[in-house]
Amino acid sequence: MGSSTWCIFSLSLLSFASHALALQHATTLKSFDELRLECLQYLPPSEASYNVEDCSDRCLGLVGRFWNDTTGRSSNSIARFYRPDSCDQDYVNRTLQCMCETVQTLPRNASCQRASCTMQCYQDQFGQLINREPLYVPFNKFLGLRIVGQCAQMLQISGVRLDQIMVEGFDKTPEGRCLMRCFLIRAGLYSDCGGPDIERFSVQCEGYGPEYKQLVTNCYEELKSQQLDSCTLATRMLYECVQANEYSTSNILSVFEPSSDILAVFEPYLEGTISITDFARLNIMVALDNLIVYYPSLARN
């Protein structure tokens, strides 16, 4: 291959990679190995001079957003990291039985132990670990509000008007529906060409099984047949196909409800109650920038 041909090939490959990356928008994709590597950087080293409990499995769940310390259990989305044997018809029951015998016997505040037992049950009973494939990580409340704020900026919607839209409902006005379309696209859950990404919605909304996916598919096809404009189609898809889905156990719209709890989490770091570096404090302030701009009432509270 000549040097000029190689340059053209390299540029084409780089262009394709950049295009693919751009299509992910604000989506977070991480492999299980990447979760491990990230946690290795956060947790104390093995040679730490003080006794510390092994919380590596809990860290994996927190970074991958499939572990909940409040309930002391994992969400269904942990299953995305495991591939069951196609001939195994009893892997779900075995995994649940394993967790009943191990996880449920531990105190709820024993988060690290409960997370480790959960991971062990999935490893032994559910299926083969998918460790290298980057998979969708559901967004949390803070990131959801940040994406909405970014979309409001792009659509030139003021903070006052954004507050009104969130109170009225995104489906009530044309600008609200276009804001929701922008959010779904930027969150990596929807595209005008492909419609809803049902696998990602399943992870985000904890709606699993063929029944969930079939209901979303049938509902969306029915909406498409009505020749709706793109903003109305995207918004009605969320409200009618995802939110109203009887097999979903999560309310995705709850992330759009601003909460002072978000600021309360960062308060001790910003006020100096908990010691952090000036650089870390600056990063927190930058991350909160969009939230304060578009939800000034939180700052006043």
# chains A, B, ... in the order shown; residues from 1 in each chain; ligands from 1
>>> residues_around(residues="Pro138 of chain A", least_positions_apart="5", cutoff="12 Å", atoms="only C-alpha atoms", output="VMD selection string")
chain A and resid 26 to 30 61 to 67 75 to 78 80 143 to 144 187 to 189 199 to 206 250 252 255
>>> select_by_dssp(residues="segment 48-113 of chain A", states="alpha helix (DSSP H)", output="list in words")
Ser56, Asp57, Arg58, Cys59, Leu60, Gly61, Leu62, Val63, Tyr91, Val92, Asn93, Arg94, Thr95, Leu96, Gln97, Cys98, Met99, Cys100, Glu101, Ser111, Cys112 and Gln113 of chain A
>>> select_by_dssp(residues="segment 64-234 of chain A", states="strand (DSSP E)", output="number ranges by chain")
A: 67-68, 73-74, 82-83, 128-129, 135-137, 190-191, 195-196
>>> residues_around(residues="segment 161-164 of chain A", least_positions_apart="2", cutoff="9 Å", atoms="only C-alpha atoms", output="MDAnalysis selection string")
chainID A and resid 149 152 157:159 166:169 176 294:295
>>> residues_around(residues="segment 120-127 of chain A", least_positions_apart="2", cutoff="7 Å", atoms="only C-alpha atoms", output="list in words")
Tyr82, Arg83, Pro84, Asp85, Tyr91, Val92, Arg94, Thr95, Cys98, Met99, Ser116, Cys117, Thr118 and Leu129 of chain A
>>> write_last_selection(atoms="C-alpha atoms", output="PDB file, in the first residue's frame")
ATOM      1  CA  TYR A  82     -23.506 -11.508  31.634  1.00  0.00           C
ATOM      2  CA  ARG A  83     -24.431 -13.794  28.740  1.00  0.00           C
ATOM      3  CA  PRO A  84     -26.490 -16.873  29.724  1.00  0.00           C
ATOM      4  CA  ASP A  85     -26.071 -20.189  27.969  1.00  0.00           C
ATOM      5  CA  TYR A  91     -30.294 -19.417  35.255  1.00  0.00           C
ATOM      6  CA  VAL A  92     -32.588 -16.668  36.575  1.00  0.00           C
ATOM      7  CA  ARG A  94     -30.702 -20.155  40.350  1.00  0.00           C
ATOM      8  CA  THR A  95     -29.308 -16.626  40.593  1.00  0.00           C
ATOM      9  CA  CYS A  98     -28.296 -17.827  45.415  1.00  0.00           C
ATOM     10  CA  MET A  99     -28.963 -14.213  46.423  1.00  0.00           C
ATOM     11  CA  SER A 116     -19.689  -9.042  46.590  1.00  0.00           C
ATOM     12  CA  CYS A 117     -22.213 -11.827  47.213  1.00  0.00           C
ATOM     13  CA  THR A 118     -24.443 -10.495  44.444  1.00  0.00           C
ATOM     14  CA  LEU A 129     -19.089 -12.393  32.048  1.00  0.00           C
TER      15      LEU A 129
END
>>> atom_distance(atom1="atom CA of Ile130 of chain A", atom2="atom CA of Leu60 of chain A")
13.9 Å
>>> closest_residue(among="A:Leu40, A:Asn218, A:Gly194, A:Cys112", to="Asp57 of chain A", atoms="only C-alpha atoms")
A:Cys112
>>> residues_around(residues="Thr71 of chain A", least_positions_apart="3", cutoff="10 Å", atoms="only C-alpha atoms", output="PyMOL selection string")
chain A and resi 67-68+74-75+108-109+111
>>> closest_residue(among="A:Leu37, A:Met154, A:Met237, A:Leu179", to="Arg132 of chain A", atoms="only C-alpha atoms")
A:Leu37
